[in-house]
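Asker: So here's query18.cif, just mmCIF, C-alpha atoms (C1' of nucleotides):
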```
data_structure
#
loop_
_atom_site.label_atom_id
_atom_site.label_comp_id
_atom_site.auth_asym_id
_atom_site.auth_seq_id
_atom_site.Cartn_x
_atom_site.Cartn_y
_atom_site.Cartn_z
CA MET A 7 -26.58 -21.69 5.69
CA THR A 8 -25.24 -18.30 6.40
CA TYR A 9 -22.20 -17.24 4.45
CA GLU A 10 -19.51 -18.22 6.92
CA ASN A 11 -17.02 -18.27 4.13
CA LEU A 12 -17.95 -14.92 2.77
CA ASP A 13 -15.78 -13.06 5.23
CA ALA A 14 -12.75 -15.16 4.36
CA LYS A 15 -13.45 -14.81 0.65
CA LEU A 16 -13.84 -11.09 1.07
CA VAL A 17 -10.50 -10.80 2.84
CA ASN A 18 -8.83 -12.94 0.19
CA ALA A 19 -10.29 -10.86 -2.60
CA LEU A 20 -9.02 -7.70 -0.97
CA LEU A 21 -5.59 -9.26 -0.51
CA GLY A 22 -5.61 -9.51 -4.28
CA ASP A 23 -6.59 -5.90 -4.75
CA GLY A 24 -6.91 -3.67 -1.72
CA ARG A 25 -8.55 -0.92 -3.70
CA ALA A 26 -11.18 -3.06 -5.38
CA SER A 27 -14.60 -1.44 -5.48
CA LEU A 28 -17.48 -2.89 -3.53
CA ARG A 29 -19.24 -3.56 -6.81
CA SER A 30 -16.41 -5.60 -8.26
CA LEU A 31 -16.15 -7.53 -5.00
CA ALA A 32 -19.89 -8.17 -5.06
CA GLU A 33 -19.70 -9.48 -8.59
CA GLU A 34 -16.65 -11.63 -7.87
CA LEU A 35 -18.27 -13.25 -4.84
CA ASP A 36 -21.73 -13.35 -6.37
CA VAL A 37 -23.50 -11.46 -3.61
CA SER A 38 -25.08 -8.05 -3.48
CA VAL A 39 -23.22 -4.81 -3.00
CA THR A 40 -25.12 -4.26 0.22
CA THR A 41 -23.91 -7.56 1.60
CA VAL A 42 -20.30 -6.78 0.75
CA SER A 43 -20.63 -3.40 2.37
CA ASN A 44 -22.12 -4.83 5.55
CA HIS A 45 -19.55 -7.61 5.92
CA LEU A 46 -16.68 -5.29 5.22
CA SER A 47 -17.86 -2.88 7.87
CA ASP A 48 -18.11 -5.76 10.31
CA LEU A 49 -14.62 -7.00 9.51
CA GLU A 50 -13.24 -3.54 10.09
CA ALA A 51 -15.19 -3.13 13.31
CA GLU A 52 -13.99 -6.51 14.60
CA GLY A 53 -10.42 -5.54 13.87
CA VAL A 54 -9.79 -8.33 11.39
CA ILE A 55 -9.05 -5.65 8.82
CA GLU A 56 -7.01 -2.96 10.51
CA GLY A 57 -6.84 -0.61 7.57
CA TYR A 58 -5.45 -0.46 4.07
CA THR A 59 -2.00 0.39 2.81
CA PRO A 60 -0.06 0.50 -0.40
CA ARG A 61 2.78 -2.00 -0.61
CA ILE A 62 5.89 0.14 -0.85
CA ASP A 63 9.08 -1.15 -2.44
CA TYR A 64 11.58 0.52 -0.13
CA ASP A 65 14.41 -0.66 -2.33
CA ALA A 66 13.00 1.52 -5.07
CA VAL A 67 13.13 4.61 -2.88
CA GLY A 68 16.65 4.22 -1.60
CA TYR A 69 16.41 1.95 1.40
CA ASP A 70 18.80 -0.67 0.14
CA VAL A 71 19.79 -2.37 3.38
CA THR A 72 17.62 -4.55 5.60
CA ALA A 73 18.97 -5.96 8.84
CA VAL A 74 17.77 -8.36 11.49
CA ILE A 75 18.94 -7.25 14.92
CA GLN A 76 18.83 -9.57 17.90
CA LEU A 77 19.29 -8.28 21.44
CA GLN A 78 19.78 -9.69 24.90
CA VAL A 79 18.26 -7.27 27.37
CA GLU A 80 18.20 -6.86 31.14
CA GLY A 81 14.86 -8.32 32.14
CA ASN A 82 13.30 -5.24 33.67
CA ALA A 83 14.44 -2.98 30.83
CA LEU A 84 12.57 -4.86 28.12
CA PRO A 85 9.63 -2.45 27.81
CA GLU A 86 11.93 0.52 27.61
CA ILE A 87 14.03 -1.11 24.88
CA THR A 88 11.09 -2.19 22.79
CA ASP A 89 9.57 1.26 23.08
CA THR A 90 12.81 2.79 21.87
CA LEU A 91 12.95 0.41 18.94
CA ARG A 92 9.36 0.97 17.95
CA ASP A 93 9.91 4.70 17.93
CA HIS A 94 12.74 4.27 15.45
CA GLN A 95 10.49 4.49 12.45
CA GLN A 96 12.88 2.51 10.30
CA MET A 97 12.22 -0.54 12.44
CA ILE A 98 9.44 -2.27 10.61
CA SER A 99 9.00 -5.15 13.03
CA VAL A 100 9.94 -5.54 16.68
CA TYR A 101 9.30 -8.84 18.46
CA GLU A 102 9.82 -9.99 22.02
CA VAL A 103 10.83 -13.63 21.70
CA THR A 104 11.90 -16.78 23.49
CA GLY A 105 15.34 -18.23 22.93
CA ASP A 106 18.89 -17.01 23.01
CA TYR A 107 17.90 -13.41 22.50
CA ASP A 108 15.04 -11.42 23.99
CA VAL A 109 14.25 -9.07 21.13
CA ILE A 110 14.35 -9.49 17.37
CA ALA A 111 13.94 -6.34 15.31
CA ILE A 112 13.92 -5.84 11.56
CA GLY A 113 15.01 -2.48 10.21
CA LYS A 114 15.54 -0.78 6.87
CA PHE A 115 18.35 1.64 6.14
CA LYS A 116 19.56 3.73 3.23
CA ASP A 117 23.07 2.29 3.35
CA THR A 118 25.39 0.31 5.57
CA ASP A 119 26.82 3.48 7.07
CA GLY A 120 23.40 4.62 8.17
CA MET A 121 22.75 1.18 9.54
CA ASN A 122 25.98 1.11 11.51
CA ASP A 123 25.36 4.54 12.97
CA GLN A 124 21.89 3.67 14.16
CA ILE A 125 22.85 0.29 15.56
CA LYS A 126 25.87 1.68 17.38
CA ALA A 127 23.70 4.37 18.89
CA LEU A 128 21.26 1.72 20.07
CA LEU A 129 23.94 -0.42 21.64
CA THR A 130 25.16 2.32 23.94
CA ASP A 131 22.19 1.45 26.12
CA PRO A 132 23.66 -0.27 29.19
CA ASP A 133 20.60 -2.51 29.47
CA ILE A 134 21.59 -4.31 26.29
CA LYS A 135 23.77 -7.21 27.29
CA ALA A 136 24.52 -8.65 23.89
CA SER A 137 23.55 -8.14 20.27
CA ASN A 138 23.81 -9.82 16.93
CA THR A 139 23.08 -8.24 13.58
CA SER A 140 22.39 -10.12 10.37
CA VAL A 141 22.35 -8.14 7.15
CA VAL A 142 19.82 -9.29 4.58
CA LEU A 143 21.48 -10.40 1.36
CA ASN A 144 18.27 -11.26 -0.40
CA ALA A 145 14.65 -10.82 0.62
CA VAL A 146 13.08 -13.93 -0.84
CA SER A 147 9.72 -12.76 0.41
CA GLU A 148 8.75 -9.99 2.77
CA ASN A 149 5.53 -9.13 4.56
CA GLU A 150 3.54 -11.53 2.47
CA GLN A 151 -0.01 -11.76 3.69
CA PHE A 152 -1.49 -15.16 2.99
CA GLU A 153 -5.09 -15.96 2.18
CA LEU A 154 -7.48 -17.30 4.76
CA ASP A 155 -8.90 -20.80 4.66
CA VAL A 156 -12.25 -21.17 2.98
CA GLU A 157 -14.09 -24.35 3.91
CA ASP A 158 -16.40 -25.29 1.13
CA ALA A 159 -19.77 -26.83 1.85
CA MET B 2 11.59 22.37 -10.13
CA THR B 3 8.99 19.76 -10.66
CA TYR B 4 7.10 18.47 -7.67
CA GLU B 5 9.72 16.02 -6.51
CA ASN B 6 8.05 15.97 -3.17
CA LEU B 7 4.62 15.22 -4.48
CA ASP B 8 5.39 11.57 -5.00
CA ALA B 9 6.68 11.20 -1.45
CA LYS B 10 3.70 13.09 -0.06
CA LEU B 11 1.38 10.93 -2.09
CA VAL B 12 2.92 7.76 -0.76
CA ASN B 13 2.76 9.07 2.79
CA ALA B 14 -0.87 10.04 2.41
CA LEU B 15 -1.70 6.58 1.12
CA LEU B 16 0.18 4.99 4.00
CA GLY B 17 -2.33 6.80 6.18
CA ASP B 18 -5.28 5.48 4.21
CA GLY B 19 -4.71 3.07 1.37
CA ARG B 20 -8.26 3.44 0.13
CA ALA B 21 -8.31 7.22 0.12
CA SER B 22 -10.01 8.61 -2.97
CA LEU B 23 -8.08 10.52 -5.59
CA ARG B 24 -10.19 13.55 -4.75
CA SER B 25 -9.39 13.53 -1.06
CA LEU B 26 -5.71 13.06 -1.87
CA ALA B 27 -5.89 15.94 -4.32
CA GLU B 28 -7.42 18.20 -1.72
CA GLU B 29 -4.93 17.15 0.95
CA LEU B 30 -1.94 17.82 -1.29
CA ASP B 31 -3.48 20.86 -2.96
CA VAL B 32 -3.18 19.65 -6.52
CA SER B 33 -5.72 18.56 -9.08
CA VAL B 34 -7.33 15.15 -9.23
CA THR B 35 -5.68 14.53 -12.58
CA THR B 36 -2.23 15.20 -11.16
CA VAL B 37 -2.82 12.75 -8.37
CA SER B 38 -4.05 10.18 -10.84
CA ASN B 39 -1.03 10.65 -13.12
CA HIS B 40 1.54 10.49 -10.35
CA LEU B 41 -0.11 7.48 -8.81
CA SER B 42 -0.05 5.65 -12.13
CA ASP B 43 3.62 6.51 -12.49
CA LEU B 44 4.45 5.30 -9.01
CA GLU B 45 2.72 2.03 -9.75
CA ALA B 46 4.45 1.70 -13.11
CA GLU B 47 7.86 2.37 -11.55
CA GLY B 48 7.20 -0.28 -8.94
CA VAL B 49 7.42 2.06 -5.97
CA ILE B 50 3.85 1.09 -5.14
CA GLU B 51 3.48 -2.63 -5.71
CA GLY B 52 -0.20 -2.84 -4.97
CA TYR B 53 -2.64 -2.33 -2.15
CA THR B 54 -3.65 -4.64 0.64
CA PRO B 55 -5.79 -4.64 3.72
CA ARG B 56 -3.84 -4.96 6.96
CA ILE B 57 -5.02 -8.29 8.35
CA ASP B 58 -4.84 -9.00 12.07
CA TYR B 59 -3.95 -12.67 11.86
CA ASP B 60 -4.35 -12.96 15.61
CA ALA B 61 -8.02 -12.15 15.13
CA VAL B 62 -8.49 -15.00 12.66
CA GLY B 63 -6.83 -17.72 14.68
CA TYR B 64 -3.14 -17.47 13.88
CA ASP B 65 -1.97 -16.99 17.42
CA VAL B 66 1.66 -18.04 17.11
CA THR B 67 4.44 -16.23 15.29
CA ALA B 68 7.91 -17.71 15.12
CA VAL B 69 11.31 -16.62 13.86
CA ILE B 70 13.16 -19.55 12.36
CA GLN B 71 16.89 -19.41 11.67
CA LEU B 72 18.62 -22.01 9.53
CA GLN B 73 22.13 -23.01 8.61
CA VAL B 74 22.05 -24.47 5.14
CA GLU B 75 24.49 -26.31 2.87
CA GLY B 76 25.75 -23.60 0.55
CA ASN B 77 24.55 -25.00 -2.74
CA ALA B 78 21.12 -25.89 -1.35
CA LEU B 79 20.20 -22.33 -0.43
CA PRO B 80 17.94 -21.60 -3.42
CA GLU B 81 16.08 -24.86 -2.93
CA ILE B 82 15.51 -24.15 0.75
CA THR B 83 14.35 -20.59 0.24
CA ASP B 84 11.99 -21.71 -2.51
CA THR B 85 10.52 -24.29 -0.19
CA LEU B 86 10.06 -21.74 2.54
CA ARG B 87 8.48 -19.17 0.26
CA ASP B 88 6.01 -21.74 -0.96
CA HIS B 89 4.90 -22.35 2.59
CA GLN B 90 2.29 -19.65 2.51
CA GLN B 91 2.40 -19.18 6.26
CA MET B 92 5.94 -17.85 5.94
CA ILE B 93 5.41 -14.16 5.70
CA SER B 94 9.06 -13.19 5.32
CA VAL B 95 12.08 -15.17 4.19
CA TYR B 96 15.53 -13.59 4.20
CA GLU B 97 18.94 -14.79 3.14
CA VAL B 98 21.32 -13.20 5.61
CA THR B 99 24.89 -12.82 6.76
CA GLY B 100 25.92 -14.06 10.17
CA ASP B 101 25.64 -17.25 12.15
CA TYR B 102 22.69 -18.48 10.16
CA ASP B 103 22.03 -18.36 6.44
CA VAL B 104 18.27 -17.97 6.40
CA ILE B 105 15.86 -16.17 8.69
CA ALA B 106 12.18 -16.85 8.15
CA ILE B 107 9.13 -15.52 9.96
CA GLY B 108 6.02 -17.66 10.01
CA LYS B 109 2.53 -17.59 11.46
CA PHE B 110 0.74 -20.62 12.84
CA LYS B 111 -2.61 -21.44 14.38
CA ASP B 112 -1.09 -23.02 17.48
CA THR B 113 2.18 -24.38 18.79
CA ASP B 114 1.31 -27.87 17.63
CA GLY B 115 0.84 -26.68 14.10
CA MET B 116 4.09 -24.80 14.37
CA ASN B 117 5.98 -27.82 15.65
CA ASP B 118 4.62 -30.05 12.92
CA GLN B 119 5.62 -27.67 10.16
CA ILE B 120 9.03 -26.95 11.55
CA LYS B 121 9.80 -30.62 12.14
CA ALA B 122 8.76 -31.38 8.60
CA LEU B 123 11.09 -28.67 7.35
CA LEU B 124 14.03 -29.92 9.36
CA THR B 125 13.97 -33.35 7.81
CA ASP B 126 15.73 -31.77 4.85
CA PRO B 127 19.33 -33.05 5.00
CA ASP B 128 20.64 -29.77 3.61
CA ILE B 129 19.69 -28.01 6.82
CA LYS B 130 22.69 -28.23 9.12
CA ALA B 131 21.31 -26.41 12.12
CA SER B 132 18.25 -24.48 13.16
CA ASN B 133 17.03 -22.21 15.90
CA THR B 134 13.44 -21.21 16.50
CA SER B 135 12.31 -18.24 18.55
CA VAL B 136 8.65 -17.98 19.41
CA VAL B 137 7.24 -14.47 19.47
CA LEU B 138 5.89 -13.56 22.89
CA ASN B 139 4.78 -10.09 21.92
CA ALA B 140 4.75 -8.33 18.58
CA VAL B 141 5.59 -4.79 19.59
CA SER B 142 5.25 -3.73 15.98
CA GLU B 143 4.92 -5.74 12.81
CA ASN B 144 5.21 -4.84 9.15
CA GLU B 145 5.08 -1.14 9.89
CA GLN B 146 5.65 0.87 6.78
CA PHE B 147 7.26 4.21 7.51
CA GLU B 148 6.77 7.47 5.69
CA LEU B 149 9.20 8.76 3.11
CA ASP B 150 11.33 11.85 3.57
CA VAL B 151 9.94 15.06 2.14
CA GLU B 152 12.54 17.72 1.51
CA ASP B 153 11.00 21.14 1.67
CA ALA B 154 12.16 23.95 -0.55
"C1'" DT C 29 -35.42 -13.59 14.65
"C1'" DA C 30 -31.54 -12.83 11.97
"C1'" DC C 31 -29.52 -12.33 7.66
"C1'" DA C 32 -29.41 -11.38 2.60
"C1'" DT C 33 -31.51 -8.77 -1.01
"C1'" DG C 34 -33.42 -5.03 -4.00
"C1'" DT C 35 -34.53 -0.24 -4.87
"C1'" DG C 36 -34.04 4.51 -5.31
"C1'" DA C 37 -31.94 8.92 -4.26
"C1'" DT C 38 -27.81 11.60 -3.60
"C1'" DG C 39 -23.40 13.02 -3.58
"C1'" DA C 40 -18.82 11.37 -4.49
"C1'" DC C 41 -15.71 8.93 -7.52
"C1'" DG C 42 -12.35 7.48 -11.51
"C1'" DT C 43 -11.02 8.40 -16.05
"C1'" DA C 44 -10.42 10.47 -20.52
"C1'" DC C 45 -9.42 14.51 -23.13
"C1'" DG C 46 -8.06 18.99 -24.63
"C1'" DA C 47 -6.41 23.40 -22.93
"C1'" DA C 48 -3.18 25.94 -20.27
"C1'" DA C 49 0.98 26.54 -17.75
"C1'" DA C 50 5.59 25.43 -16.60
"C1'" DT C 51 9.93 23.59 -17.92
"C1'" DC C 52 13.57 22.25 -20.93
"C1'" DT C 53 16.47 22.52 -25.22
"C1'" DC C 54 19.67 24.77 -27.86
"C1'" DG C 55 21.26 27.89 -31.24
"C1'" DA C 56 21.67 33.01 -31.77
"C1'" DT C 57 23.13 37.33 -29.93
"C1'" DG C 58 25.62 40.92 -27.59
"C1'" DC D 18 30.79 33.64 -21.74
"C1'" DA D 19 26.35 34.79 -20.14
"C1'" DT D 20 21.83 35.74 -21.64
"C1'" DC D 21 17.94 35.39 -24.41
"C1'" DG D 22 13.90 33.40 -26.58
"C1'" DA D 23 11.23 30.38 -29.92
"C1'" DG D 24 9.80 25.88 -30.13
"C1'" DA D 25 9.32 21.36 -28.18
"C1'" DT D 26 8.28 18.76 -24.26
"C1'" DT D 27 6.47 17.84 -19.87
"C1'" DT D 28 3.35 18.76 -16.25
"C1'" DT D 29 -0.78 20.44 -14.45
"C1'" DC D 30 -5.47 21.68 -14.70
"C1'" DG D 31 -10.72 21.94 -15.54
"C1'" DT D 32 -14.56 19.69 -17.44
"C1'" DA D 33 -17.68 16.08 -18.52
"C1'" DC D 34 -19.48 11.50 -18.43
"C1'" DG D 35 -20.52 7.14 -16.70
"C1'" DT D 36 -19.84 4.60 -12.54
"C1'" DC D 37 -19.62 4.15 -7.62
"C1'" DA D 38 -20.51 4.19 -2.33
"C1'" DT D 39 -23.72 5.06 1.02
"C1'" DC D 40 -27.99 5.16 3.33
"C1'" DA D 41 -32.71 4.08 4.54
"C1'" DC D 42 -36.33 1.12 4.06
"C1'" DA D 43 -39.17 -2.59 2.34
"C1'" DT D 44 -39.00 -7.49 0.84
"C1'" DG D 45 -37.65 -12.17 0.86
"C1'" DT D 46 -35.91 -16.38 3.31
"C1'" DA D 47 -34.17 -20.05 6.56
#
```
Is it possible to express this structure as structure tokens?
Answerer:
Amino acid sequence: MTYENLDAKLVNALLGDGRASLRSLAEELDVSVTTVSNHLSDLEAEGVIEGYTPRIDYDAVGYDVTAVIQLQVEGNALPEITDTLRDHQQMISVYEVTGDYDVIAIGKFKDTDGMNDQIKALLTDPDIKASNTSVVLNAVSENEQFELDVEDA
Amino acid sequence: MTYENLDAKLVNALLGDGRASLRSLAEELDVSVTTVSNHLSDLEAEGVIEGYTPRIDYDAVGYDVTAVIQLQVEGNALPEITDTLRDHQQMISVYEVTGDYDVIAIGKFKDTDGMNDQIKALLTDPDIKASNTSVVLNAVSENEQFELDVEDA
DNA sequence: TACATGTGATGACGTACGAAAATCTCGATG
DNA sequence: CATCGAGATTTTCGTACGTCATCACATGTA
């Protein structure tokens, strides 16, 4: 048996601590440091792990308002709109979706005034047919990354 | 003036590489290793940095479907519903919001069947008055964390 | 054959600690 | 009232020590 589960376990261990040393990972998973190093390199090369980041609490640095913005867009203008949204750095997620609206974007702002200004500026685009903004009252969970399945033998 | 900007610069540098060594950060920001270490500890203690994680490409591990689920909920059942959603590990974000719906949740699923099963199971809850699911066709950007402002002297 | 392991060498790394520098506090002075 | 300066406090720094990551290569194993 090759360690099919090792990759999943490795990812899960890193989800627990993204700065864990290879040695601590090796000990935790009961394999050698070399093996951890090899598998980790593979995971990064395959694109399963796209990099490492700190989890920032934007509330703690003054971004108190989160909003979910839904847009109806002229069909052929979709790429242009999504590009614009992505380039607004305060948009943390931008999705093209099925349903009543074509785009759902999630943004963070320092206050409601800043939010209003940015959203109003966006909506001047004539290709936006309709919009709907929901202000987040409470982020129950946000950007949680869940652990991968590990099938045991 | 103390280095008010150092903390922001430190966060931004880590957003670039969450596993960067204290030494490389020290060199980049032109301060000593100890200073980096101290400020980083403080940022973690203050809760600005809540931890470190790898960025997982869930597409690459079989979670091909992302959906945005909006719910109208009986007022007094909100906490119960959000708890339920949060405990579904595949829900990566759960927001209580203003607007037409009370809750917006974003989930990841292995396929549309899995998605349908989970959503149907959710909707059996009598406290959910209405729902609306948008399937993500294209994630233009997702969980992007932006850099903090650095005011220069 | 393909994968996991162990070893050894090398340079880099994290942390603790005391010294040095910068900053702040606050009463005294002109 | 503005300025000064001694002492206290905070911040930064350099050093040293034990640990770590990386690499190459030989060994073991299914």
Asker: Hey, what's within 9 Å of A:Tyr107 if we count only C-alpha atoms (C1' of nucleotides) and toss same-chain stuff fewer than 4 positions away? As an MDAnalysis selection string, please?
Answerer: (chainID A and resid 76:79 102:103 136:138) or (chainID B and resid 135)
Asker: Suppose a student applies the PyMOL selection byres ((chain D) within 9 of (chain B)) to this structure; what residues should they get, written as a list in words?
Answerer: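 Written out, the selection comes to DT28, DT29, DC30 and DG31 of chain D.
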Asker: With 6 Å of padding per side, what axis-aligned box (centre and edge lengths, Å, one decimal) covers all the listed atoms of stretch 40-45 of chain C? Give it as AutoDock Vina command-line options.
Answerer:
```
--center_x -14.1 --center_y 11.0 --center_z -13.8 --size_x 21.4 --size_y 19.0 --size_z 30.6
```
Asker: So which one's closest to C:DT43, D:DA47, D:DG35, D:DA41, D:DT26? Using only C-alpha atoms (C1' of nucleotides), please.
Answerer: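 Under the stated criterion, the closest residue is D:DG35.
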Asker: For B:Lys10, find every residue with an atom within 9 Å (counting all atoms listed in the file), except residues of its own chain fewer than 4 positions away, and show them as a PyMOL selection string.
Answerer: chain B and resi 6+14-15+30+148-151
Asker: Just to confirm, what's the straight-line distance from atom CA of B:Leu138 to atom CA of A:Ile87 in Å (one decimal)?
Answerer: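 Taking atom CA of B:Leu138 as the start and atom CA of A:Ile87 as the end point, the length is 15.0 Å.
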Asker: What does the structure give for the distance between atom CA of A:Ile55 and atom C1' of C:DA30, in Å to one decimal?
Answerer: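 Separating atom CA of A:Ile55 from atom C1' of C:DA30 is a distance of 23.8 Å.
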